[in-house]
file upload_10.txt (compact mmCIF, C-alpha atoms)
# COMPACT_ATOMS: atom_id res chain seq x y z
CA MET J 1 91.58 103.94 143.74
CA LYS J 2 89.82 101.90 146.40
CA ARG J 3 88.06 105.04 147.61
CA LEU J 4 86.93 105.82 144.07
CA ASN J 5 85.75 102.26 143.55
CA ASP J 6 83.85 102.28 146.86
CA TYR J 7 82.31 105.63 145.93
CA LEU J 8 81.16 104.36 142.53
CA THR J 9 79.93 101.00 143.81
CA GLY J 10 77.97 102.74 146.56
CA LEU J 11 76.19 105.02 144.12
CA ALA J 12 75.48 102.43 141.38
CA VAL J 13 71.82 101.75 140.72
CA ASP J 14 71.13 98.46 138.95
CA GLY J 15 74.74 98.42 137.80
CA LEU J 16 74.46 101.90 136.31
CA ILE J 17 76.31 105.12 137.18
CA SER J 18 74.57 108.34 136.23
CA ALA J 19 76.38 111.14 134.40
CA ALA J 20 75.90 113.33 137.49
CA VAL J 21 77.68 110.80 139.74
CA GLN J 22 80.41 110.35 137.14
CA SER J 23 80.86 114.11 136.98
CA ASP J 24 80.93 114.45 140.79
CA ALA J 25 83.51 111.66 141.03
CA SER J 26 85.62 113.44 138.46
CA LEU J 27 85.68 116.61 140.57
CA HIS J 28 85.96 114.85 143.92
CA PHE J 29 88.87 112.59 142.94
CA ASP J 30 90.53 115.05 140.55
CA LEU J 31 90.26 112.71 137.57
CA SER J 32 89.09 113.31 134.04
CA PHE J 33 85.58 112.24 133.06
CA ALA J 34 87.19 109.57 130.85
CA GLU J 35 89.36 108.25 133.72
CA VAL J 36 86.27 107.86 135.89
CA GLU J 37 84.51 106.13 132.99
CA ALA J 38 87.37 103.63 132.76
CA ALA J 39 87.14 102.97 136.51
CA ILE J 40 83.36 102.42 136.23
CA LEU J 41 83.77 99.93 133.39
CA GLU J 42 86.67 98.13 135.10
CA LEU J 43 84.31 97.53 138.05
CA GLY J 44 81.88 95.85 135.66
CA LEU J 45 79.49 98.79 136.09
CA CYS J 46 78.14 100.85 133.21
CA PRO J 47 77.76 104.59 132.70
CA ALA J 48 73.98 105.07 132.44
CA ARG J 49 74.34 106.64 129.00
CA TYR J 50 75.39 103.25 127.62
CA GLN J 51 72.57 101.21 129.18
CA ARG J 52 70.99 100.56 125.77
CA ASN J 53 74.39 99.38 124.53
CA ARG J 54 74.68 96.70 127.19
CA GLN J 55 72.97 93.83 125.39
CA THR J 56 75.12 94.53 122.31
CA ILE J 57 78.41 95.68 123.84
CA SER J 58 79.70 94.24 127.14
CA CYS J 59 81.41 96.37 129.81
CA ALA J 60 84.73 94.94 128.60
CA GLY J 61 83.81 95.92 125.05
CA GLN J 62 82.76 99.39 126.17
CA LEU J 63 86.14 99.74 127.90
CA ALA J 64 87.90 98.63 124.70
CA LEU J 65 86.04 101.35 122.79
CA LEU J 66 86.99 103.93 125.43
CA ARG J 67 90.65 102.96 124.98
CA SER J 68 90.45 103.08 121.19
CA CYS J 69 91.42 105.85 118.80
CA VAL J 70 89.70 106.38 115.48
CA VAL J 71 91.13 108.75 112.88
CA VAL J 72 88.40 110.17 110.63
CA ILE J 73 89.75 111.58 107.37
CA GLY J 74 87.19 114.14 106.18
CA CYS J 75 84.46 115.88 108.18
CA GLY J 76 81.84 116.40 105.46
CA GLY J 77 78.81 114.26 104.63
CA LEU J 78 80.24 110.94 105.77
CA GLY J 79 82.60 112.32 108.41
CA GLY J 80 79.94 114.29 110.30
CA TYR J 81 77.75 111.23 110.85
CA VAL J 82 80.78 109.02 111.54
CA ILE J 83 82.03 111.36 114.27
CA GLU J 84 78.55 111.67 115.81
CA GLU J 85 78.09 107.89 116.00
CA LEU J 86 81.62 107.21 117.30
CA ALA J 87 81.10 109.78 120.07
CA ARG J 88 77.75 108.29 121.10
CA LEU J 89 79.28 104.81 120.93
CA GLY J 90 81.91 105.92 123.46
CA VAL J 91 85.14 105.75 121.45
CA GLY J 92 87.67 107.48 123.72
CA ARG J 93 89.68 109.37 121.15
CA ILE J 94 88.63 110.64 117.75
CA ALA J 95 91.02 112.56 115.52
CA ALA J 96 89.11 114.60 112.93
CA VAL J 97 91.08 115.67 109.85
CA ASP J 98 89.74 118.25 107.38
CA PRO J 99 91.13 121.49 105.92
CA ASP J 100 87.77 123.07 105.03
CA VAL J 101 85.18 125.45 106.42
CA PHE J 102 81.41 125.00 106.13
CA GLU J 103 79.64 126.43 103.10
CA GLU J 104 75.94 126.81 102.39
CA HIS J 105 75.82 123.84 100.00
CA ASN J 106 76.89 121.59 102.91
CA LEU J 107 73.60 122.23 104.75
CA ASN J 108 71.61 119.60 102.82
CA ARG J 109 73.54 116.68 104.31
CA GLN J 110 76.43 117.48 106.61
CA LEU J 111 75.35 116.81 110.17
CA LEU J 112 77.85 119.21 111.73
CA CYS J 113 76.90 122.09 109.42
CA THR J 114 74.40 124.66 110.73
CA LEU J 115 73.33 128.13 109.63
CA GLY J 116 75.25 129.44 112.62
CA ASN J 117 78.64 127.95 111.73
CA LEU J 118 78.89 128.72 108.00
CA GLY J 119 82.43 129.91 107.29
CA GLN J 120 83.83 128.13 110.36
CA ASP J 121 86.22 125.15 110.54
CA LYS J 122 84.61 121.76 110.16
CA VAL J 123 86.99 120.23 112.70
CA THR J 124 86.22 122.89 115.31
CA ALA J 125 82.50 122.22 114.84
CA ALA J 126 83.23 118.52 115.34
CA ALA J 127 85.05 119.20 118.61
CA ARG J 128 82.19 121.39 119.85
CA ARG J 129 79.55 118.81 118.94
CA VAL J 130 81.41 115.92 120.60
CA ALA J 131 81.93 117.95 123.78
CA GLU J 132 78.16 118.50 123.93
CA ILE J 133 77.40 114.80 123.43
CA ASN J 134 79.98 112.88 125.45
CA PRO J 135 82.63 114.40 127.76
CA ALA J 136 84.40 111.02 128.01
CA VAL J 137 85.42 111.41 124.36
CA THR J 138 88.39 113.52 123.30
CA LEU J 139 88.05 114.94 119.81
CA VAL J 140 91.36 116.10 118.37
CA PRO J 141 90.65 118.69 115.64
CA LEU J 142 93.28 118.68 112.88
CA ARG J 143 92.65 121.38 110.30
CA THR J 144 94.81 120.00 107.56
CA ALA J 145 94.48 118.04 104.32
CA PHE J 146 95.50 114.39 104.48
CA GLY J 147 98.19 113.27 102.02
CA THR J 148 101.19 111.00 101.67
CA ALA J 149 103.43 113.67 103.21
CA ASN J 150 101.61 113.73 106.57
CA SER J 151 100.10 110.24 106.47
CA ARG J 152 102.33 108.65 109.09
CA GLU J 153 101.98 111.59 111.46
CA LEU J 154 98.16 111.64 111.20
CA LEU J 155 97.51 107.89 111.28
CA ALA J 156 100.07 106.62 113.82
CA GLY J 157 98.46 105.14 116.90
CA ALA J 158 95.01 104.72 115.36
CA SER J 159 93.02 101.58 116.19
CA VAL J 160 91.18 102.06 112.92
CA VAL J 161 90.94 104.76 110.25
CA VAL J 162 87.71 105.86 108.57
CA ASP J 163 87.80 107.12 104.97
CA ALA J 164 85.35 110.02 104.69
CA LEU J 165 87.27 111.74 101.89
CA ASP J 166 85.65 113.39 98.88
CA ASN J 167 88.08 112.44 96.12
CA ILE J 168 89.63 109.31 94.71
CA ALA J 169 93.26 110.37 94.34
CA THR J 170 93.64 111.00 98.07
CA ARG J 171 91.86 107.71 98.82
CA PHE J 172 94.68 105.80 97.12
CA GLU J 173 97.14 107.65 99.36
CA LEU J 174 95.05 106.75 102.42
CA VAL J 175 94.86 103.08 101.41
CA ALA J 176 98.66 103.04 101.00
CA GLY J 177 99.25 104.91 104.28
CA CYS J 178 97.11 102.47 106.27
CA ARG J 179 98.79 99.50 104.59
CA GLU J 180 102.22 100.86 105.45
CA LEU J 181 101.32 101.14 109.15
CA GLY J 182 99.21 97.97 109.26
CA ILE J 183 96.17 99.92 110.49
CA PRO J 184 92.69 98.74 109.47
CA LEU J 185 90.77 101.14 107.20
CA VAL J 186 87.04 101.42 106.61
CA HIS J 187 86.36 102.88 103.17
CA GLY J 188 83.15 104.63 102.21
CA ALA J 189 82.13 106.66 99.16
CA ILE J 190 78.85 108.12 97.91
CA ALA J 191 77.18 109.66 94.86
CA GLY J 192 73.48 110.46 94.58
CA TRP J 193 71.38 107.41 95.52
CA TYR J 194 74.47 105.19 95.56
CA GLY J 195 77.14 104.28 98.09
CA GLN J 196 79.82 101.75 98.84
CA VAL J 197 81.64 100.37 101.88
CA ALA J 198 84.71 98.15 102.22
CA THR J 199 87.08 97.29 105.05
CA GLN J 200 90.81 96.83 104.56
CA GLY J 201 92.32 94.74 107.35
CA ALA J 202 96.03 94.85 108.18
CA GLY J 203 97.96 93.22 105.32
CA GLU J 204 95.08 93.60 102.84
CA ASP J 205 94.76 95.92 99.84
CA ILE J 206 91.38 97.27 98.70
CA SER J 207 92.87 99.33 95.82
CA PRO J 208 91.06 97.21 93.18
CA PHE J 209 87.75 98.41 94.65
CA LEU J 210 88.79 102.00 93.92
CA SER J 211 89.86 101.28 90.35
CA ARG J 212 88.98 103.82 87.69
CA ALA J 213 89.32 103.69 83.94
CA GLY J 214 89.92 107.42 83.54
CA ALA J 215 92.37 109.70 85.31
CA GLY J 216 89.80 111.86 87.09
CA THR J 217 89.83 112.34 90.82
CA LYS J 218 86.05 112.73 91.21
CA GLY J 219 83.30 110.26 90.41
CA VAL J 220 79.71 110.56 89.23
CA GLU J 221 78.85 112.61 92.36
CA THR J 222 79.93 115.66 90.36
CA ARG J 223 76.67 115.25 88.39
CA LEU J 224 74.49 113.32 90.87
CA GLY J 225 75.28 115.39 93.96
CA ASN J 226 74.74 113.95 97.45
CA PRO J 227 71.36 113.95 99.22
CA SER J 228 70.96 113.63 103.01
CA PHE J 229 70.20 109.93 103.36
CA THR J 230 73.10 108.36 101.43
CA PRO J 231 75.90 109.69 103.66
CA ALA J 232 73.88 108.81 106.78
CA LEU J 233 73.50 105.19 105.60
CA VAL J 234 77.07 104.70 104.40
CA ALA J 235 78.53 106.42 107.50
CA SER J 236 76.48 104.10 109.74
CA LEU J 237 77.78 101.05 107.89
CA GLN J 238 81.32 102.40 108.29
CA VAL J 239 80.90 102.92 112.04
CA ALA J 240 79.49 99.39 112.44
CA GLU J 241 82.56 98.09 110.59
CA ALA J 242 84.92 100.19 112.73
CA CYS J 243 83.13 99.02 115.89
CA LYS J 244 83.62 95.36 114.93
CA VAL J 245 87.30 95.99 114.24
CA MET J 246 87.74 97.62 117.67
CA LEU J 247 85.85 94.82 119.44
CA SER J 248 87.23 91.97 117.29
CA GLN J 249 83.65 90.76 116.84
CA GLY J 250 81.57 89.55 113.94
CA SER J 251 82.62 89.54 110.29
CA THR J 252 83.77 92.73 108.64
CA ALA J 253 83.55 93.50 104.92
CA SER J 254 87.18 92.36 104.63
CA GLY J 255 87.85 91.17 101.06
CA ARG J 256 84.46 92.31 99.83
CA MET J 257 82.68 95.55 99.06
CA LEU J 258 79.02 96.33 99.63
CA LEU J 259 77.41 98.51 96.98
CA CYS J 260 74.15 100.20 97.91
CA ASN J 261 71.60 101.34 95.33
CA LEU J 262 68.92 103.21 97.27
CA LEU J 263 66.98 104.17 94.15
CA ASP J 264 66.09 100.53 93.41
CA LEU J 265 66.80 99.35 96.99
CA GLU J 266 69.37 96.82 95.84
CA PHE J 267 72.50 95.77 97.67
CA GLU J 268 75.30 94.07 95.78
CA GLU J 269 78.40 92.42 97.22
CA ILE J 270 81.54 92.08 95.14
CA ARG J 271 84.86 90.47 96.02
CA LEU J 272 88.45 91.51 95.52
CA MET S 1 79.28 85.61 70.57
CA GLN S 2 76.85 86.42 73.35
CA VAL S 3 77.77 88.51 76.36
CA THR S 4 75.54 89.38 79.31
CA VAL S 5 75.98 93.04 80.23
CA LYS S 6 74.88 94.08 83.72
CA LEU S 7 74.76 97.77 84.55
CA PHE S 8 74.65 99.16 88.07
CA ALA S 9 73.62 102.35 89.85
CA SER S 10 73.45 105.47 87.66
CA PHE S 11 74.49 103.53 84.53
CA ARG S 12 70.96 102.08 84.49
CA THR S 13 69.38 105.46 83.84
CA GLY S 14 68.13 105.39 80.24
CA ARG S 15 69.66 101.93 79.63
CA THR S 16 68.63 98.32 80.12
CA PRO S 17 69.98 97.01 83.46
CA ILE S 18 70.64 93.47 82.21
CA GLU S 19 70.91 92.58 78.55
CA ILE S 20 72.26 89.65 76.54
CA CYS S 21 73.98 91.13 73.49
CA ASP S 22 75.62 89.75 70.36
CA TYR S 23 79.13 91.03 69.74
CA PRO S 24 81.71 90.10 67.09
CA ALA S 25 84.71 88.06 68.22
CA GLY S 26 87.51 90.28 69.51
CA THR S 27 85.16 92.75 71.20
CA ALA S 28 86.81 94.32 74.25
CA VAL S 29 85.20 95.85 77.33
CA ALA S 30 86.05 99.29 75.90
CA ASP S 31 83.92 98.58 72.80
CA VAL S 32 80.90 97.66 74.95
CA VAL S 33 81.35 100.76 77.07
CA ALA S 34 81.56 102.95 73.93
CA ARG S 35 78.43 101.36 72.43
CA LEU S 36 76.56 102.07 75.67
CA GLY S 37 77.65 105.72 75.55
CA ILE S 38 79.27 105.60 78.99
CA PRO S 39 82.05 108.19 79.46
CA VAL S 40 85.34 106.54 80.44
CA ALA S 41 85.78 109.07 83.26
CA ASP S 42 82.62 107.69 84.92
CA LEU S 43 83.85 104.08 84.98
CA GLY S 44 84.61 102.44 88.30
CA ILE S 45 84.73 98.71 88.91
CA MET S 46 84.39 96.41 85.90
CA LEU S 47 84.04 92.68 86.38
CA VAL S 48 84.02 89.82 83.90
CA ASN S 49 82.66 86.66 85.50
CA HIS S 50 83.18 88.30 88.92
CA ARG S 51 86.87 89.07 88.26
CA HIS S 52 88.24 92.62 88.06
CA VAL S 53 89.21 93.66 84.53
CA HIS S 54 90.43 96.70 82.58
CA LEU S 55 89.03 98.28 79.42
CA ASP S 56 91.32 96.28 77.14
CA ARG S 57 90.00 92.92 78.29
CA GLU S 58 88.71 90.89 75.30
CA LEU S 59 85.38 89.22 75.89
CA ALA S 60 84.49 85.59 75.20
CA ASP S 61 81.20 83.88 74.41
CA GLY S 62 79.12 83.44 77.56
CA ASP S 63 80.95 86.11 79.59
CA ILE S 64 79.06 88.19 82.13
CA LEU S 65 80.29 91.79 82.19
CA ALA S 66 79.30 93.96 85.16
CA ILE S 67 79.96 97.72 85.07
CA PHE S 68 79.77 100.06 88.07
CA PRO S 69 80.15 103.85 88.11
CA LEU S 70 82.98 105.54 89.95
CA LEU S 71 81.76 106.89 93.31
CA GLY S 72 84.05 109.45 94.86
CA GLY S 73 81.94 111.61 97.16
CA GLY S 74 82.09 111.84 100.92
call {"tool": "encode", "arguments": {"input": "upload_10.txt", "output": "structure tokens"}}
result
Amino acid sequence: MKRLNDYLTGLAVDGLISAAVQSDASLHFDLSFAEVEAAILELGLCPARYQRNRQTISCAGQLALLRSCVVVIGCGGLGGYVIEELARLGVGRIAAVDPDVFEEHNLNRQLLCTLGNLGQDKVTAAARRVAEINPAVTLVPLRTAFGTANSRELLAGASVVVDALDNIATRFELVAGCRELGIPLVHGAIAGWYGQVATQGAGEDISPFLSRAGAGTKGVETRLGNPSFTPALVASLQVAEACKVMLSQGSTASGRMLLCNLLDLEFEEIRL
Amino acid sequence: MQVTVKLFASFRTGRTPIEICDYPAGTAVADVVARLGIPVADLGIMLVNHRHVHLDRELADGDILAIFPLLGGG
């Protein structure tokens, strides 16, 4: 370890370690890219890719993110952006859960969907994308549908769970599953110009925010559709919430829900 | 009795976003929703004076009723 630390310290420039040096160290010392990243951050140095994070996230915070695991339930409109931002943020382990393959109508908004991968697994596309962006991040692709039956198995060990589902019935199961394990959950949902975000801390219950008068499992998105900008906005809010949970910083949306109306550019906050 | 009805998001399309309306005593949230022509399946959060309520909640003079659509997409 001392040899690795000397190697890294010797090649740091202004406290930064380039990706090339990190990669060489990985080969030279027979460690994974993520293990070298942990060593860099433990030395109080910073992988150069995170240099624009530094004023917002300390080396200790960056290390906390590297050691965190986020489970993303759904890899569609919200999930694609969520996974992209978590990977660039430097979250060490992301589990992506989705049973579906890409279809042409996903192209208008789903970041991971391309003309070239229509018909392919969403979770495999997520793994490929993350590998291209940040080799310190492990993306675990889980091609399965979340539900009460596999909730414990899928969520156990998560630092935080992100709700990127596309139906309300399963969201209630996710809320219950997170409550049972005491894992924080960041909820997001979209329809047309409109979106919402809420964070359920351990011991809390955001079910009232998901209340519905009818028995349907879909909302007004069935008529309004989903354009490109709403999932990008709501996913970004969700990642900011997840980041604060992982860093124990700032104030999350705990106990409140933010409703976004992009058509009139109005933001409303309601409480449990 | 007078009730302030505040509509949000897609419920504003073709309707007045905020309106003070006269209703007979005993009017419930469900009656207001029916008069506005909002399908029950589209209903999400409903608040009376910032507290979560169901369709059967009877309204009182001076209440503020806020109605949000159900968003389920991801």
call {"tool": "residues_around", "arguments": {"input": "upload_10.txt", "residues": "Asp56 of chain S", "least_positions_apart": "5", "cutoff": "12 Å", "atoms": "only C-alpha atoms", "output": "tab-separated table (two decimals) with C-alpha atoms, in the frame of the given file"}}
result
chain	number	residue	atom	x	y	z
J	213	ALA	CA	89.32	103.69	83.94
S	26	GLY	CA	87.51	90.28	69.51
S	27	THR	CA	85.16	92.75	71.20
S	28	ALA	CA	86.81	94.32	74.25
S	29	VAL	CA	85.20	95.85	77.33
S	30	ALA	CA	86.05	99.29	75.90
S	31	ASP	CA	83.92	98.58	72.80
S	32	VAL	CA	80.90	97.66	74.95
S	33	VAL	CA	81.35	100.76	77.07
S	46	MET	CA	84.39	96.41	85.90
S	48	VAL	CA	84.02	89.82	83.90
call {"tool": "residues_around", "arguments": {"input": "upload_10.txt", "residues": "segment 172-177 of chain J", "least_positions_apart": "3", "cutoff": "7 Å", "atoms": "only C-alpha atoms", "output": "MDAnalysis selection string"}}
result
chainID J and resid 147:148 151:152 168:169 180:181 207
call {"tool": "residues_around", "arguments": {"input": "upload_10.txt", "residues": "Ala60 of chain J", "least_positions_apart": "6", "cutoff": "12 Å", "atoms": "only C-alpha atoms", "output": "ChimeraX atom specification"}}
result
/J:38-46,53-54,66-67,246-248
call {"tool": "interface_residues", "arguments": {"input": "upload_10.txt", "of": "chain J", "to": "chain S", "cutoff": "8 Å", "atoms": "all atoms listed in the file", "output": "PyMOL selection string"}}
result
chain J and resi 74+76-79+164-168+188-191+193-196+208-221+226+231+261+270-272
call {"tool": "residues_around", "arguments": {"input": "upload_10.txt", "residues": "segment 119-128 of chain J", "least_positions_apart": "4", "cutoff": "6 Å", "atoms": "only C-alpha atoms", "output": "PyMOL selection string"}}
result
chain J and resi 101-102+139+141
call {"tool": "axis_aligned_box", "arguments": {"input": "upload_10.txt", "around": "segment 143-151 of chain J", "padding_each_side": "6 Å", "output": "lines of an AutoDock Vina configuration file"}}
result
center_x = 98.0
center_y = 115.8
center_z = 106.0
size_x = 22.8
size_y = 23.1
size_z = 20.6
call {"tool": "residues_around", "arguments": {"input": "upload_10.txt", "residues": "Ala60 of chain S", "least_positions_apart": "5", "cutoff": "8 Å", "atoms": "only C-alpha atoms", "output": "PyMOL selection string"}}
result
chain S and resi 1-3+25-26
call {"tool": "write_last_selection", "arguments": {"input": "upload_10.txt", "atoms": "C-alpha atoms", "output": "short mmCIF file (atom, residue, chain, number, x, y, z; two decimals), keeping the file's coordinate frame"}}
result
data_model
loop_
_atom_site.label_atom_id
_atom_site.label_comp_id
_atom_site.auth_asym_id
_atom_site.auth_seq_id
_atom_site.Cartn_x
_atom_site.Cartn_y
_atom_site.Cartn_z
CA MET S 1 79.28 85.61 70.57
CA GLN S 2 76.85 86.42 73.35
CA VAL S 3 77.77 88.51 76.36
CA ALA S 25 84.71 88.06 68.22
CA GLY S 26 87.51 90.28 69.51
#
call {"tool": "atom_distance", "arguments": {"input": "upload_10.txt", "atom1": "atom CA of Thr114 of chain J", "atom2": "atom CA of Ala48 of chain J"}}
result
29.2 Å
call {"tool": "build_atoms", "arguments": {"input": "upload_10.txt", "residues": "segment 32-54 of chain S", "atoms": "N, CA and C atoms", "output": "short mmCIF file (atom, residue, chain, number, x, y, z; two decimals), keeping the file's coordinate frame"}}
result
data_model
loop_
_atom_site.label_atom_id
_atom_site.label_comp_id
_atom_site.auth_asym_id
_atom_site.auth_seq_id
_atom_site.Cartn_x
_atom_site.Cartn_y
_atom_site.Cartn_z
N VAL S 32 82.24 97.73 74.35
CA VAL S 32 80.90 97.66 74.95
C VAL S 32 80.56 98.99 75.61
N VAL S 33 81.55 99.50 76.35
CA VAL S 33 81.35 100.76 77.07
C VAL S 33 81.04 101.89 76.07
N ALA S 34 81.77 101.92 74.95
CA ALA S 34 81.56 102.95 73.93
C ALA S 34 80.16 102.81 73.33
N ARG S 35 79.75 101.57 73.04
CA ARG S 35 78.43 101.36 72.43
C ARG S 35 77.31 101.79 73.38
N LEU S 36 77.56 101.66 74.68
CA LEU S 36 76.56 102.07 75.67
C LEU S 36 76.57 103.58 75.91
N GLY S 37 77.56 104.26 75.37
CA GLY S 37 77.65 105.72 75.55
C GLY S 37 78.04 106.12 76.96
N ILE S 38 78.82 105.27 77.62
CA ILE S 38 79.27 105.60 78.99
C ILE S 38 80.63 106.30 78.91
N PRO S 39 80.75 107.51 79.47
CA PRO S 39 82.05 108.19 79.46
C PRO S 39 83.08 107.41 80.29
N VAL S 40 84.28 107.30 79.75
CA VAL S 40 85.34 106.54 80.44
C VAL S 40 85.61 107.11 81.84
N ALA S 41 85.50 108.43 81.97
CA ALA S 41 85.78 109.07 83.26
C ALA S 41 84.79 108.62 84.34
N ASP S 42 83.63 108.11 83.94
CA ASP S 42 82.62 107.69 84.92
C ASP S 42 82.80 106.25 85.38
N LEU S 43 83.72 105.52 84.72
CA LEU S 43 83.85 104.08 84.98
C LEU S 43 84.58 103.78 86.28
N GLY S 44 83.96 102.93 87.08
CA GLY S 44 84.61 102.44 88.30
C GLY S 44 84.97 100.98 88.11
N ILE S 45 84.41 100.14 88.96
CA ILE S 45 84.73 98.71 88.91
C ILE S 45 84.11 98.06 87.68
N MET S 46 84.89 97.23 87.01
CA MET S 46 84.39 96.41 85.90
C MET S 46 84.77 94.97 86.17
N LEU S 47 83.80 94.09 86.08
CA LEU S 47 84.04 92.68 86.38
C LEU S 47 83.62 91.83 85.18
N VAL S 48 84.44 90.85 84.86
CA VAL S 48 84.02 89.82 83.90
C VAL S 48 84.00 88.51 84.67
N ASN S 49 82.83 87.90 84.73
CA ASN S 49 82.66 86.66 85.50
C ASN S 49 83.19 86.83 86.92
N HIS S 50 82.86 87.97 87.53
CA HIS S 50 83.18 88.30 88.92
C HIS S 50 84.66 88.61 89.15
N ARG S 51 85.45 88.71 88.08
CA ARG S 51 86.87 89.07 88.26
C ARG S 51 87.13 90.48 87.73
N HIS S 52 87.96 91.25 88.45
CA HIS S 52 88.24 92.62 88.06
C HIS S 52 89.00 92.67 86.73
N VAL S 53 88.56 93.54 85.84
CA VAL S 53 89.21 93.66 84.53
C VAL S 53 89.42 95.13 84.17
N HIS S 54 90.23 95.36 83.13
CA HIS S 54 90.43 96.70 82.58
C HIS S 54 89.72 96.81 81.23
#
